[in-house]
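Containing compact mmCIF, C-alpha atoms and all ligand atoms: structure-v7.txt.
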# COMPACT_ATOMS: atom_id res chain seq x y z
CA MET R 1 -34.61 -1.78 -1.92
CA GLU R 2 -35.73 -0.10 -5.13
CA ILE R 3 -33.24 2.48 -6.37
CA ALA R 4 -35.12 5.66 -7.18
CA ARG R 5 -34.74 6.73 -10.76
CA PRO R 6 -32.63 9.88 -10.94
CA SER R 7 -34.41 13.00 -12.06
CA ALA R 8 -32.19 13.29 -15.12
CA THR R 9 -30.67 10.44 -17.10
CA PRO R 10 -27.48 11.22 -19.00
CA GLU R 11 -29.61 11.71 -22.13
CA GLU R 12 -31.99 14.12 -20.42
CA ALA R 13 -29.39 16.12 -18.51
CA PRO R 14 -28.43 19.46 -20.02
CA ALA R 15 -25.26 19.33 -22.10
CA ALA R 16 -22.09 20.40 -20.34
CA ARG R 17 -20.97 23.84 -21.44
CA SER R 18 -17.69 23.92 -23.35
CA ILE R 19 -14.99 26.27 -22.18
CA ASP R 20 -13.89 28.83 -24.73
CA PRO R 21 -10.13 29.43 -25.27
CA ARG R 22 -10.09 32.72 -23.36
CA THR R 23 -11.70 31.14 -20.33
CA GLY R 24 -9.21 28.29 -20.67
CA GLU R 25 -6.28 30.71 -20.53
CA ARG R 26 -7.61 32.34 -17.38
CA LEU R 27 -8.21 28.95 -15.84
CA GLN R 28 -4.60 27.96 -16.55
CA ARG R 29 -3.37 31.24 -15.09
CA ILE R 30 -5.21 30.64 -11.80
CA ILE R 31 -3.83 27.10 -11.60
CA ASP R 32 -0.29 28.40 -12.23
CA GLN R 33 -0.75 31.07 -9.54
CA THR R 34 -2.06 28.47 -7.08
CA TYR R 35 0.97 26.27 -7.75
CA ALA R 36 3.40 29.18 -7.33
CA ARG R 37 1.70 30.36 -4.16
CA PHE R 38 2.05 27.05 -2.29
CA LYS R 39 5.02 25.27 -3.83
CA ASP R 40 7.40 26.44 -1.10
CA VAL R 41 5.14 25.59 1.83
CA ASP R 42 7.18 23.05 3.73
CA ASP R 43 4.94 21.96 6.61
CA GLY R 44 3.98 18.38 7.35
CA ALA R 45 5.72 15.03 7.02
CA VAL R 46 5.72 12.22 4.46
CA ALA R 47 3.92 9.06 5.71
CA THR R 48 6.33 6.33 6.76
CA TYR R 49 4.07 3.79 8.48
CA ILE R 50 4.04 2.00 5.13
CA PRO R 51 7.85 2.06 4.76
CA GLU R 52 7.84 2.30 0.97
CA LEU R 53 5.79 5.55 1.09
CA GLY R 54 8.65 7.19 2.99
CA LYS R 55 10.67 7.24 -0.25
CA ALA R 56 8.45 9.95 -1.80
CA ASN R 57 10.13 13.23 -2.73
CA PRO R 58 8.78 15.79 -0.24
CA LYS R 59 9.19 18.58 -2.80
CA ASP R 60 6.77 17.11 -5.34
CA PHE R 61 3.67 19.18 -5.95
CA GLY R 62 1.31 18.74 -8.88
CA ILE R 63 -2.13 20.02 -9.83
CA CYS R 64 -4.46 18.92 -12.62
CA LEU R 65 -7.93 20.03 -13.51
CA VAL R 66 -10.07 18.31 -16.15
CA THR R 67 -13.33 19.76 -17.39
CA VAL R 68 -16.28 17.55 -18.32
CA ASP R 69 -15.72 18.49 -21.94
CA GLY R 70 -12.25 16.95 -21.70
CA GLN R 71 -9.93 19.96 -21.44
CA VAL R 72 -6.88 19.38 -19.27
CA PHE R 73 -5.03 22.04 -17.25
CA THR R 74 -1.88 21.18 -15.33
CA ALA R 75 0.85 22.65 -13.14
CA GLY R 76 4.01 21.35 -11.46
CA ASP R 77 4.71 17.64 -11.02
CA TRP R 78 1.36 16.50 -12.38
CA GLU R 79 2.99 13.56 -14.21
CA LYS R 80 4.66 12.16 -11.10
CA GLU R 81 3.21 8.79 -10.14
CA PHE R 82 2.22 7.80 -6.61
CA THR R 83 0.00 5.10 -5.17
CA ILE R 84 -3.67 5.93 -4.93
CA GLN R 85 -4.00 4.66 -1.33
CA SER R 86 -7.33 5.64 0.26
CA MET R 87 -8.42 7.45 -2.88
CA CYS R 88 -9.30 4.02 -4.24
CA LYS R 89 -12.09 3.75 -1.66
CA PRO R 90 -14.86 5.76 -3.34
CA PHE R 91 -14.24 3.98 -6.65
CA ALA R 92 -14.29 0.57 -5.01
CA PHE R 93 -17.55 1.54 -3.29
CA GLN R 94 -18.97 2.63 -6.67
CA MET R 95 -17.97 -0.71 -8.22
CA ALA R 96 -19.50 -2.71 -5.37
CA LEU R 97 -22.77 -0.77 -5.71
CA GLU R 98 -22.76 -1.41 -9.45
CA ARG R 99 -22.11 -5.12 -9.11
CA LEU R 100 -24.19 -6.02 -6.07
CA GLY R 101 -26.74 -3.24 -5.70
CA THR R 102 -27.27 -0.81 -2.86
CA GLU R 103 -29.18 -3.11 -0.55
CA LYS R 104 -26.57 -5.86 -0.45
CA VAL R 105 -23.62 -3.47 -0.09
CA LEU R 106 -25.28 -1.58 2.76
CA ARG R 107 -25.63 -4.85 4.65
CA HIS R 108 -21.83 -4.81 4.91
CA VAL R 109 -21.00 -1.13 5.36
CA GLY R 110 -22.82 1.99 6.55
CA VAL R 111 -22.79 5.55 5.22
CA GLU R 112 -22.40 7.42 8.51
CA PRO R 113 -19.41 9.70 9.17
CA SER R 114 -17.38 8.34 12.05
CA GLY R 115 -15.32 11.43 12.86
CA GLU R 116 -12.52 8.94 13.49
CA ALA R 117 -9.13 8.43 11.87
CA PHE R 118 -8.88 6.25 8.74
CA ASN R 119 -7.48 3.26 10.63
CA SER R 120 -9.84 3.40 13.61
CA ILE R 121 -11.05 0.11 15.03
CA GLU R 122 -14.60 1.12 15.76
CA PHE R 123 -17.85 -0.19 14.42
CA ASP R 124 -21.40 1.08 14.44
CA PRO R 125 -22.69 -0.15 17.82
CA LYS R 126 -26.21 -0.69 16.48
CA SER R 127 -25.43 -2.64 13.31
CA GLY R 128 -21.88 -3.90 13.90
CA ARG R 129 -20.99 -2.68 10.41
CA PRO R 130 -18.05 -0.37 9.67
CA PHE R 131 -19.28 3.23 9.77
CA ASN R 132 -18.63 4.01 6.11
CA PRO R 133 -16.58 2.87 3.08
CA MET R 134 -13.98 5.65 3.49
CA VAL R 135 -12.43 4.27 6.69
CA ASN R 136 -10.24 1.20 6.37
CA ALA R 137 -12.76 -1.13 8.01
CA GLY R 138 -15.44 -0.15 5.49
CA ALA R 139 -13.03 -0.31 2.59
CA ILE R 140 -11.90 -3.82 3.58
CA ALA R 141 -15.58 -4.85 3.75
CA VAL R 142 -16.06 -3.43 0.24
CA ALA R 143 -12.87 -5.12 -1.01
CA SER R 144 -14.20 -8.44 0.26
CA LEU R 145 -17.26 -7.89 -1.97
CA LEU R 146 -15.07 -7.11 -4.99
CA LYS R 147 -12.59 -9.96 -4.64
CA GLN R 148 -12.76 -12.80 -7.13
CA ARG R 149 -11.29 -16.24 -7.61
CA PRO R 150 -8.43 -16.31 -8.34
CA VAL R 151 -7.61 -13.14 -6.39
CA GLN R 152 -5.72 -11.65 -9.32
CA ALA R 153 -8.99 -11.58 -11.31
CA GLY R 154 -10.54 -9.17 -8.78
CA VAL R 155 -7.46 -6.95 -8.82
CA ASP R 156 -7.41 -6.98 -12.63
CA ALA R 157 -11.10 -6.04 -12.82
CA PHE R 158 -10.42 -3.07 -10.52
CA LEU R 159 -7.40 -2.02 -12.58
CA ARG R 160 -9.36 -2.27 -15.82
CA GLN R 161 -12.26 -0.10 -14.69
CA MET R 162 -9.94 2.48 -13.15
CA GLY R 163 -7.86 2.50 -16.32
CA ARG R 164 -10.98 3.25 -18.35
CA ALA R 165 -11.72 6.17 -16.02
CA ALA R 166 -8.14 7.47 -16.25
CA GLY R 167 -8.05 6.96 -20.01
CA ARG R 168 -4.86 4.91 -19.88
CA GLU R 169 -3.68 1.54 -18.61
CA LEU R 170 -2.84 1.52 -14.89
CA ARG R 171 -0.65 -0.84 -12.87
CA ILE R 172 0.20 -1.85 -9.32
CA ASP R 173 3.38 -0.67 -7.57
CA GLU R 174 4.59 -4.09 -6.45
CA SER R 175 7.07 -2.63 -3.90
CA VAL R 176 4.33 -0.64 -2.16
CA LEU R 177 2.05 -3.68 -2.24
CA ALA R 178 4.75 -5.81 -0.62
CA SER R 179 5.54 -3.07 1.93
CA GLU R 180 1.89 -2.65 2.82
CA THR R 181 1.23 -6.39 2.98
CA GLY R 182 4.27 -6.86 5.18
CA THR R 183 3.40 -4.16 7.69
CA GLY R 184 -0.41 -3.99 7.57
CA ASN R 185 -1.05 -5.70 10.89
CA ARG R 186 -3.61 -3.16 11.96
CA ASN R 187 -5.61 -3.77 8.79
CA ARG R 188 -5.30 -7.52 9.38
CA ALA R 189 -6.68 -6.98 12.90
CA ILE R 190 -9.59 -4.98 11.46
CA ALA R 191 -10.28 -7.71 8.90
CA TYR R 192 -10.41 -10.46 11.51
CA MET R 193 -12.80 -8.39 13.59
CA LEU R 194 -14.97 -8.03 10.49
CA LEU R 195 -14.89 -11.81 10.07
CA ASN R 196 -15.80 -12.23 13.72
CA SER R 197 -18.89 -10.05 13.33
CA GLY R 198 -19.92 -11.69 10.03
CA VAL R 199 -19.30 -8.59 7.89
CA ILE R 200 -16.77 -10.41 5.66
CA ASP R 201 -16.41 -14.08 4.78
CA GLU R 202 -13.59 -16.39 5.86
CA GLU R 203 -11.42 -15.54 2.85
CA VAL R 204 -9.78 -12.86 4.95
CA LEU R 205 -6.38 -12.88 3.29
CA GLU R 206 -7.96 -12.63 -0.15
CA SER R 207 -10.05 -9.62 0.97
CA LEU R 208 -6.95 -7.98 2.37
CA HIS R 209 -5.02 -8.65 -0.82
CA GLN R 210 -7.78 -7.02 -2.85
CA TYR R 211 -7.67 -3.99 -0.51
CA PHE R 212 -3.88 -3.66 -0.41
CA ALA R 213 -3.61 -4.06 -4.18
CA GLN R 214 -6.27 -1.41 -4.79
CA CYS R 215 -4.33 1.00 -2.52
CA SER R 216 -1.07 0.22 -4.37
CA MET R 217 -2.29 1.23 -7.82
CA LEU R 218 -0.12 3.94 -9.40
CA VAL R 219 -1.71 7.17 -10.62
CA ASN R 220 -0.69 10.74 -11.35
CA CYS R 221 -2.64 13.99 -10.88
CA ARG R 222 -4.05 13.77 -14.39
CA ASP R 223 -5.38 10.26 -13.75
CA LEU R 224 -7.07 11.42 -10.55
CA ALA R 225 -8.56 14.46 -12.24
CA MET R 226 -9.79 12.28 -15.15
CA MET R 227 -11.41 9.82 -12.73
CA ALA R 228 -13.00 12.72 -10.85
CA ALA R 229 -14.18 14.32 -14.10
CA THR R 230 -15.67 10.97 -15.14
CA MET R 231 -17.74 11.02 -11.97
CA ALA R 232 -18.61 14.68 -12.55
CA ASN R 233 -19.64 13.80 -16.11
CA ILE R 234 -22.38 11.33 -15.12
CA GLY R 235 -19.99 8.41 -15.39
CA ASN R 236 -18.76 9.15 -18.94
CA GLN R 237 -15.03 9.57 -19.47
CA PRO R 238 -14.66 13.13 -20.77
CA ARG R 239 -12.09 12.33 -23.47
CA THR R 240 -12.99 8.84 -24.66
CA GLY R 241 -16.74 9.30 -24.19
CA GLU R 242 -16.91 5.79 -22.76
CA THR R 243 -19.41 5.10 -19.99
CA VAL R 244 -17.26 3.91 -17.11
CA PHE R 245 -19.48 4.30 -14.04
CA ASP R 246 -23.18 3.66 -13.63
CA PHE R 247 -24.61 7.13 -13.01
CA GLN R 248 -27.32 5.80 -10.69
CA HIS R 249 -24.77 5.23 -7.94
CA ILE R 250 -22.55 8.27 -8.40
CA LYS R 251 -24.69 10.58 -6.27
CA HIS R 252 -24.45 8.12 -3.37
CA VAL R 253 -20.69 7.85 -3.68
CA LEU R 254 -20.31 11.64 -3.86
CA ALA R 255 -22.52 12.04 -0.80
CA VAL R 256 -20.30 9.70 1.21
CA MET R 257 -17.18 11.46 -0.07
CA PHE R 258 -18.67 14.79 0.94
CA SER R 259 -19.32 13.70 4.52
CA CYS R 260 -16.44 11.25 5.08
CA GLY R 261 -13.72 11.84 2.48
CA LEU R 262 -11.06 13.71 4.44
CA TYR R 263 -10.57 11.50 7.50
CA ASP R 264 -11.30 13.36 10.74
CA TYR R 265 -11.04 16.67 8.86
CA ALA R 266 -14.15 15.89 6.79
CA GLY R 267 -16.43 18.39 8.56
CA ASN R 268 -13.96 21.23 8.20
CA TRP R 269 -13.40 20.31 4.57
CA ALA R 270 -17.14 20.35 3.81
CA PHE R 271 -17.35 23.72 5.56
CA GLU R 272 -14.38 25.36 3.88
CA VAL R 273 -14.02 23.68 0.48
CA GLY R 274 -17.49 22.22 0.11
CA LEU R 275 -16.71 19.54 -2.48
CA PRO R 276 -17.00 15.75 -2.47
CA ALA R 277 -13.37 14.65 -2.27
CA LYS R 278 -11.05 11.93 -1.05
CA SER R 279 -7.49 12.10 0.24
CA GLY R 280 -4.90 9.37 0.67
CA VAL R 281 -1.77 8.95 2.78
CA SER R 282 0.44 9.07 -0.31
CA GLY R 283 -0.41 12.80 -0.47
CA GLY R 284 -3.06 12.92 -3.18
CA ILE R 285 -6.49 14.51 -3.03
CA PHE R 286 -9.14 14.42 -5.71
CA ALA R 287 -12.32 16.44 -5.76
CA VAL R 288 -15.44 16.33 -7.90
CA VAL R 289 -17.32 19.42 -9.02
CA ASN R 290 -20.55 17.85 -10.14
CA ARG R 291 -21.27 18.32 -13.86
CA GLN R 292 -18.24 20.59 -14.20
CA LEU R 293 -14.76 19.43 -13.24
CA GLY R 294 -12.42 16.91 -11.76
CA ILE R 295 -9.46 18.09 -9.68
CA GLY R 296 -6.37 16.04 -8.78
CA VAL R 297 -3.56 17.34 -6.56
CA TYR R 298 -0.47 15.68 -5.15
CA SER R 299 2.11 16.61 -2.57
CA PRO R 300 3.34 13.95 -0.14
CA LYS R 301 3.86 15.95 3.05
CA LEU R 302 0.87 15.33 5.32
CA ASP R 303 -0.66 17.17 8.23
CA GLY R 304 -1.59 15.55 11.56
CA GLN R 305 -4.81 14.14 10.11
CA GLY R 306 -3.06 12.47 7.19
CA ASN R 307 -4.06 14.99 4.51
CA SER R 308 -1.64 16.59 2.07
CA VAL R 309 -0.70 20.05 3.40
CA ARG R 310 -0.16 21.66 0.00
CA GLY R 311 -3.03 19.64 -1.46
CA ILE R 312 -5.50 21.11 1.01
CA LEU R 313 -4.18 24.63 0.45
CA ALA R 314 -4.43 24.24 -3.32
CA CYS R 315 -7.97 22.86 -3.19
CA LYS R 316 -9.09 25.65 -0.87
CA GLU R 317 -7.60 28.23 -3.18
CA LEU R 318 -9.16 26.76 -6.33
CA ALA R 319 -12.53 26.37 -4.61
CA ASN R 320 -12.42 30.01 -3.47
CA ARG R 321 -11.23 31.50 -6.72
CA PHE R 322 -13.62 29.54 -8.92
CA GLY R 323 -16.53 29.56 -6.47
CA LEU R 324 -16.72 25.76 -6.40
CA HIS R 325 -18.25 25.20 -2.95
CA ALA R 326 -21.39 23.11 -3.43
CA PHE R 327 -23.45 25.79 -1.69
CA GLU R 328 -21.73 28.77 -3.21
CA PHE R 329 -24.35 31.16 -4.50
CA SER R 330 -22.35 31.90 -7.62
CA ASN R 331 -22.16 28.20 -8.46
CA VAL R 332 -25.39 27.85 -10.40
CA GLY R 333 -25.60 24.71 -12.46
CA SER R 334 -22.51 24.64 -14.63
CA SER R 335 -22.22 28.38 -15.15
CA PHE R 336 -19.71 29.18 -12.42
CA MET R 337 -16.91 29.89 -14.87
CA GLN R 338 -18.99 32.47 -16.62
CA TRP R 339 -19.58 34.13 -13.28
CA VAL R 340 -16.11 33.98 -11.84
CA LEU R 341 -13.82 34.37 -14.81
N1 LIG G 401 -3.37 1.55 2.41
C1 LIG G 401 -3.48 2.50 3.46
C2 LIG G 401 -3.86 1.81 4.74
O1 LIG G 401 -4.74 1.04 4.74
C3 LIG G 401 -4.49 3.53 3.08
C4 LIG G 401 -4.57 4.60 4.06
C5 LIG G 401 -4.98 5.92 3.54
O2 LIG G 401 -4.61 6.35 2.45
O3 LIG G 401 -5.75 6.57 4.27
O4 LIG G 401 -3.29 2.00 5.76
How would this structure read if it were set down as structure tokens?
Ligand code: GLU
Amino acid sequence: MEIARPSATPEEAPAARSIDPRTGERLQRIIDQTYARFKDVDDGAVATYIPELGKANPKDFGICLVTVDGQVFTAGDWEKEFTIQSMCKPFAFQMALERLGTEKVLRHVGVEPSGEAFNSIEFDPKSGRPFNPMVNAGAIAVASLLKQRPVQAGVDAFLRQMGRAAGRELRIDESVLASETGTGNRNRAIAYMLLNSGVIDEEVLESLHQYFAQCSMLVNCRDLAMMAATMANIGNQPRTGETVFDFQHIKHVLAVMFSCGLYDYAGNWAFEVGLPAKSGVSGGIFAVVNRQLGIGVYSPKLDGQGNSVRGILACKELANRFGLHAFEFSNVGSSFMQWVL
């Protein structure tokens, strides 16, 4: 399949607008207010099905916003590290598209929302493929495409590219990796079903290791916001200027995030927040405001669908106050800040 040339290459696209200091101050004020407004919300429960995740401090709450011109705004526990969990999935999908091309990747995973939970054991009845790369089955299929020999080489390649997006070196939390490997029987079951239907090859344990290791990478809110801003910035890291992601695939990854990024809450999220985003069971959420911003939030107490309670509230608030919804009428190109602030 020929990949259509995007209408604007990074060179042709209009330059991102810089944020002046006064706008920056107002932006920081709104982030501080959002943090203060939700920091005492105490609903939800920390995930414990991966035992090591149960050790998270339920009080932690951090917010970070990074603009495409590299300005960073933070509140609360933005430096606190946690494992990326399912938030690795869009990036892994992006890397698989870059390395193998759209046609080959789509032979292994679809792009259809499933409306099911992240760990559902359901496959597209027509194709036998996992529904999309944001559910575990799809992410394991993608991990099997990214794995290398020896397995550590595939994990290292993932860490390197993610580190370039974050703008700092990243590492695996070995205790979470061990915890997840020890208890991930449901994911093992999914992987063997994928082998059975020919979606992944017989190196099942290697594919699972790649997947578990990706999920166990440590990040903080700033890293997530940097990665998101790199996607928003046509694949160029906003502070280092380095091209980290191939822009030709970003629109496809954002489209899948938009329709499938928040587990079985994805439709409500698209309706209310209206941003491509991904959540993870560690309590993080990142969202991409195309050509404008990256947002990273963290708070480990989750709602019934596995999404961070305070994280969702914070994203809703920021989306409302800044007019970030993709179909917001005030959000014209990259001029929303001019309009709102
Ligand atoms: N590593 C987790 C699992 O596969 C990721 C789940 C998530 O964050 O949604 O169970």
Which chain R residues have any atom within 6 Å of an atom of ligand LIG 401 (chain G), and for each, what is the nearest pair of atoms with distance in Å to one decimal, counting only C-alpha atoms and all ligand atoms, rows sorted by chain and number, as a tab-separated table?
residue	atom	partner	partner_atom	distance
R:Gln85	CA	G:LIG401	O2	4.2
R:Ser86	CA	G:LIG401	O2	3.6
R:Phe118	CA	G:LIG401	O3	5.5
R:Asn136	CA	G:LIG401	O1	5.7
R:Phe212	CA	G:LIG401	N1	5.9
R:Cys215	CA	G:LIG401	N1	5.1
R:Gly280	CA	G:LIG401	O2	3.5
R:Val281	CA	G:LIG401	O2	3.9
Output of the above residues as a compact mmCIF listing (two decimals), keeping the file's coordinate frame, restricted to C-alpha atoms:
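The result, stored in out.txt:
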# COMPACT_ATOMS: atom_id res chain seq x y z
CA GLN R 85 -4.00 4.66 -1.33
CA SER R 86 -7.33 5.64 0.26
CA PHE R 118 -8.88 6.25 8.74
CA ASN R 136 -10.24 1.20 6.37
CA PHE R 212 -3.88 -3.66 -0.41
CA CYS R 215 -4.33 1.00 -2.52
CA GLY R 280 -4.90 9.37 0.67
CA VAL R 281 -1.77 8.95 2.78
- Task: Quick one: everything within 8 Å of segment 51-59 of chain R, counting only C-alpha atoms, minus sequence neighbours fewer than 2 positions away in the same chain. Send it as a ChimeraX atom specification.
- Result: /R:39,45-49,61,175-176,179-180,282,299-301
- Query: Could you name the residues that touch segment 242-254 of chain R at 8 Å or less, counting all atoms listed in the file, but leaving out those on the same chain fewer than 5 positions away, as a PyMOL selection string?
  - Reply: chain R and resi 5-6+10+90+93-95+97-98+161+164-165+230-231+234-237+276-277+288
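You will find atom CA of Gly284 of chain R at 20.5 Å from atom CA of Ala178 of chain R.
Nearest-residue note for Trp269 of chain R: choosing from R:Ala92, R:Val151, R:Cys315, R:Ile295, the minimum distance belongs to R:Cys315, counting only C-alpha atoms.
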For Gly70 of chain R, find every residue with an atom within 12 Å (counting only C-alpha atoms), except residues of its own chain fewer than 6 positions away, and show them as a PDB file with C-alpha atoms, in the coordinates of the input.
ATOM      1  CA  ALA R  16     -22.090  20.400 -20.340  1.00  0.00           C
ATOM      2  CA  ARG R  17     -20.970  23.840 -21.440  1.00  0.00           C
ATOM      3  CA  SER R  18     -17.690  23.920 -23.350  1.00  0.00           C
ATOM      4  CA  ILE R  19     -14.990  26.270 -22.180  1.00  0.00           C
ATOM      5  CA  GLY R  24      -9.210  28.290 -20.670  1.00  0.00           C
ATOM      6  CA  ALA R 166      -8.140   7.470 -16.250  1.00  0.00           C
ATOM      7  CA  GLY R 167      -8.050   6.960 -20.010  1.00  0.00           C
ATOM      8  CA  ARG R 222      -4.050  13.770 -14.390  1.00  0.00           C
ATOM      9  CA  ALA R 225      -8.560  14.460 -12.240  1.00  0.00           C
ATOM     10  CA  MET R 226      -9.790  12.280 -15.150  1.00  0.00           C
ATOM     11  CA  MET R 227     -11.410   9.820 -12.730  1.00  0.00           C
ATOM     12  CA  ALA R 228     -13.000  12.720 -10.850  1.00  0.00           C
ATOM     13  CA  ALA R 229     -14.180  14.320 -14.100  1.00  0.00           C
ATOM     14  CA  THR R 230     -15.670  10.970 -15.140  1.00  0.00           C
ATOM     15  CA  ALA R 232     -18.610  14.680 -12.550  1.00  0.00           C
ATOM     16  CA  ASN R 233     -19.640  13.800 -16.110  1.00  0.00           C
ATOM     17  CA  ASN R 236     -18.760   9.150 -18.940  1.00  0.00           C
ATOM     18  CA  GLN R 237     -15.030   9.570 -19.470  1.00  0.00           C
ATOM     19  CA  PRO R 238     -14.660  13.130 -20.770  1.00  0.00           C
ATOM     20  CA  ARG R 239     -12.090  12.330 -23.470  1.00  0.00           C
ATOM     21  CA  THR R 240     -12.990   8.840 -24.660  1.00  0.00           C
ATOM     22  CA  GLY R 241     -16.740   9.300 -24.190  1.00  0.00           C
ATOM     23  CA  GLN R 292     -18.240  20.590 -14.200  1.00  0.00           C
ATOM     24  CA  LEU R 293     -14.760  19.430 -13.240  1.00  0.00           C
ATOM     25  CA  GLY R 294     -12.420  16.910 -11.760  1.00  0.00           C
TER      26      GLY R 294
END
Let me have the centre and edge lengths in Å, one decimal, of the box along x, y and z around every listed atom of segment 64-79 of chain R with 3 Å of margin on each side, as JSON.
{"center_x": -5.8, "center_y": 18.1, "center_z": -16.5, "size_x": 27.0, "size_y": 15.1, "size_z": 16.9}
